[in-house]
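K.L.:
Have a look at this one.
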Amino acid sequence: MKSIGDEFELRAARWLAQRGLRLQQRNFSSAVGEIDIIAWDGPQLVFIEVRARSHPAFAGAAASVSRGKQARIVRTAALYLQQHKLTDVPCRFDVVAFEPRQSGAEINWIRGAFTA
């Protein structure tokens, strides 16, 4: 059974592919943390966190990526790069946020949302 998070990650992956990103891997997990989507944007490897909010009364989806979550993503990305021997590849950390709107979820793609 798929979770709501899985559905948003799949939607984000398809949406990003339509914008030219090449999917490398979904749901990379390690003891350190998890990365929702890893994709190539030209020569740059992008580590993408997908967030969604179902109600506008809550803080925005993008704002929910705390400093602690960012640190876990950075550590997990470093492990991924090491495991795949990608030491000299330029990288970026993005957030794809699904924000609630009256007509459905609006996608907010934040390129370079945070740095390592």
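As shown in the structure tokens, the chain order sets the letters A, B, ...; within each chain, residues go from 1, and ligands are also counted from 1 in the order they appear.
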Please provide as number ranges by chain all residues within 6 Å of stretch 41-49 of chain A, with the sequence filter that same-chain residues fewer than 5 positions apart are discarded (counting only C-alpha atoms).

P.N.:
A: 21, 36, 90-95

K.L.:
Hey, what does DSSP flag as alpha helix (DSSP H) within chain A? Can you give it to me as a PyMOL selection string?

P.N.:
chain A and resi 4-18+67-83

K.L.:
Would you mind writing down, as number ranges by chain, each residue of chain A that DSSP on the backbone assigns to strand (DSSP E)?

P.N.:
A: 22-29, 34-41, 44-52, 91-101, 104-114

K.L.:
Produce a file of the selected residues containing N, CA and C atoms, as a compact mmCIF listing (two decimals), in the first residue's frame.

P.N.:
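And here is the file that came out, selection05.txt:
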# COMPACT_ATOMS: atom_id res chain seq x y z
N ARG A 22 16.85 14.31 -15.13
CA ARG A 22 16.94 12.86 -15.38
C ARG A 22 17.02 12.13 -14.05
N LEU A 23 16.00 11.37 -13.76
CA LEU A 23 15.91 10.65 -12.49
C LEU A 23 17.05 9.65 -12.35
N GLN A 24 17.77 9.73 -11.25
CA GLN A 24 18.85 8.80 -10.94
C GLN A 24 18.36 7.72 -9.97
N GLN A 25 17.67 8.16 -8.90
CA GLN A 25 17.20 7.22 -7.89
C GLN A 25 16.13 7.88 -7.04
N ARG A 26 15.20 7.06 -6.56
CA ARG A 26 14.20 7.52 -5.60
C ARG A 26 14.41 6.79 -4.29
N ASN A 27 14.14 7.48 -3.21
CA ASN A 27 14.16 6.92 -1.86
C ASN A 27 15.47 6.24 -1.51
N PHE A 28 16.56 6.97 -1.65
CA PHE A 28 17.86 6.45 -1.22
C PHE A 28 17.89 6.53 0.30
N SER A 29 18.11 5.38 0.95
CA SER A 29 18.12 5.31 2.41
C SER A 29 19.45 4.81 2.92
N GLU A 34 17.45 9.71 4.66
CA GLU A 34 16.83 9.32 3.40
C GLU A 34 16.73 10.54 2.49
N ILE A 35 16.87 10.31 1.19
CA ILE A 35 16.70 11.35 0.19
C ILE A 35 15.58 10.89 -0.75
N ASP A 36 14.60 11.75 -0.94
CA ASP A 36 13.42 11.37 -1.72
C ASP A 36 13.75 11.13 -3.19
N ILE A 37 14.44 12.08 -3.81
CA ILE A 37 14.75 11.98 -5.25
C ILE A 37 16.18 12.45 -5.48
N ILE A 38 16.89 11.70 -6.31
CA ILE A 38 18.22 12.11 -6.77
C ILE A 38 18.12 12.14 -8.29
N ALA A 39 18.49 13.29 -8.88
CA ALA A 39 18.33 13.46 -10.32
C ALA A 39 19.47 14.31 -10.87
N TRP A 40 19.68 14.16 -12.17
CA TRP A 40 20.67 14.98 -12.87
C TRP A 40 19.96 16.16 -13.50
N ASP A 41 20.52 17.34 -13.30
CA ASP A 41 20.08 18.56 -13.99
C ASP A 41 21.29 19.04 -14.77
N GLN A 44 24.86 18.64 -13.14
CA GLN A 44 24.73 18.78 -11.69
C GLN A 44 23.84 17.68 -11.12
N LEU A 45 24.30 17.06 -10.03
CA LEU A 45 23.50 16.06 -9.33
C LEU A 45 22.68 16.78 -8.27
N VAL A 46 21.37 16.54 -8.30
CA VAL A 46 20.46 17.27 -7.42
C VAL A 46 19.83 16.30 -6.42
N PHE A 47 19.91 16.67 -5.15
CA PHE A 47 19.29 15.90 -4.07
C PHE A 47 18.02 16.66 -3.69
N ILE A 48 16.88 15.98 -3.80
CA ILE A 48 15.59 16.68 -3.71
C ILE A 48 14.76 16.13 -2.56
N GLU A 49 14.31 17.03 -1.71
CA GLU A 49 13.39 16.71 -0.63
C GLU A 49 11.99 17.12 -1.08
N VAL A 50 11.03 16.20 -0.97
CA VAL A 50 9.65 16.46 -1.36
C VAL A 50 8.82 16.63 -0.08
N ARG A 51 8.08 17.74 -0.02
CA ARG A 51 7.24 18.02 1.14
C ARG A 51 5.85 18.40 0.66
N ALA A 52 4.86 18.07 1.46
CA ALA A 52 3.47 18.41 1.12
C ALA A 52 2.71 18.80 2.38
N CYS A 91 26.97 19.53 -7.05
CA CYS A 91 25.71 19.10 -6.44
C CYS A 91 24.87 20.30 -6.02
N ARG A 92 23.58 20.02 -5.86
CA ARG A 92 22.64 21.05 -5.41
C ARG A 92 21.57 20.38 -4.56
N PHE A 93 21.02 21.13 -3.62
CA PHE A 93 19.95 20.63 -2.75
C PHE A 93 18.68 21.44 -3.02
N ASP A 94 17.66 20.76 -3.53
CA ASP A 94 16.39 21.40 -3.86
C ASP A 94 15.27 20.89 -2.97
N VAL A 95 14.21 21.66 -2.93
CA VAL A 95 12.97 21.23 -2.26
C VAL A 95 11.84 21.39 -3.27
N VAL A 96 11.01 20.36 -3.38
CA VAL A 96 9.77 20.46 -4.14
C VAL A 96 8.66 20.40 -3.11
N ALA A 97 7.94 21.52 -3.01
CA ALA A 97 6.89 21.64 -2.00
C ALA A 97 5.52 21.71 -2.66
N PHE A 98 4.62 20.89 -2.18
CA PHE A 98 3.24 20.92 -2.63
C PHE A 98 2.46 21.72 -1.59
N GLU A 99 2.06 22.92 -1.98
CA GLU A 99 1.35 23.82 -1.08
C GLU A 99 -0.14 23.75 -1.39
N PRO A 100 -0.99 23.67 -0.36
CA PRO A 100 -2.43 23.57 -0.61
C PRO A 100 -3.00 24.88 -1.18
N ARG A 101 -3.86 24.73 -2.17
CA ARG A 101 -4.60 25.85 -2.76
C ARG A 101 -6.03 25.39 -2.96
N GLY A 104 -6.41 22.77 -5.70
CA GLY A 104 -5.48 21.64 -5.64
C GLY A 104 -4.12 22.09 -5.14
N ALA A 105 -3.16 21.21 -5.19
CA ALA A 105 -1.82 21.51 -4.68
C ALA A 105 -1.02 22.29 -5.72
N GLU A 106 -0.40 23.35 -5.28
CA GLU A 106 0.49 24.13 -6.13
C GLU A 106 1.91 23.65 -5.88
N ILE A 107 2.68 23.45 -6.95
CA ILE A 107 4.05 22.97 -6.83
C ILE A 107 5.00 24.16 -6.76
N ASN A 108 5.84 24.15 -5.75
CA ASN A 108 6.85 25.18 -5.57
C ASN A 108 8.22 24.49 -5.59
N TRP A 109 8.97 24.70 -6.66
CA TRP A 109 10.30 24.10 -6.81
C TRP A 109 11.33 25.12 -6.38
N ILE A 110 12.03 24.83 -5.31
CA ILE A 110 13.04 25.74 -4.78
C ILE A 110 14.41 25.16 -5.10
N ARG A 111 15.03 25.70 -6.13
CA ARG A 111 16.38 25.25 -6.52
C ARG A 111 17.38 25.87 -5.55
N GLY A 112 18.33 25.06 -5.13
CA GLY A 112 19.34 25.56 -4.19
C GLY A 112 18.71 26.01 -2.88
N ALA A 113 17.78 25.24 -2.37
CA ALA A 113 17.04 25.60 -1.17
C ALA A 113 17.94 25.75 0.05
N PHE A 114 19.01 24.95 0.07
CA PHE A 114 20.00 25.06 1.14
C PHE A 114 21.33 24.56 0.61

K.L.:
To one decimal place in Å, what is the distance between atom CA of A:Arg67 and atom CA of A:Gln18?

P.N.:
29.4 Å

K.L.:
Between atom CA of A:Glu7 and atom CA of A:Ser30, what distance in Å does the model show, to one decimal?

P.N.:
21.4 Å

K.L.:
Between atom CA of A:Val32 and atom CA of A:Val74, what is the distance, to one decimal in Å?

P.N.:
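Computing it gives 9.7 Å between the two atoms.
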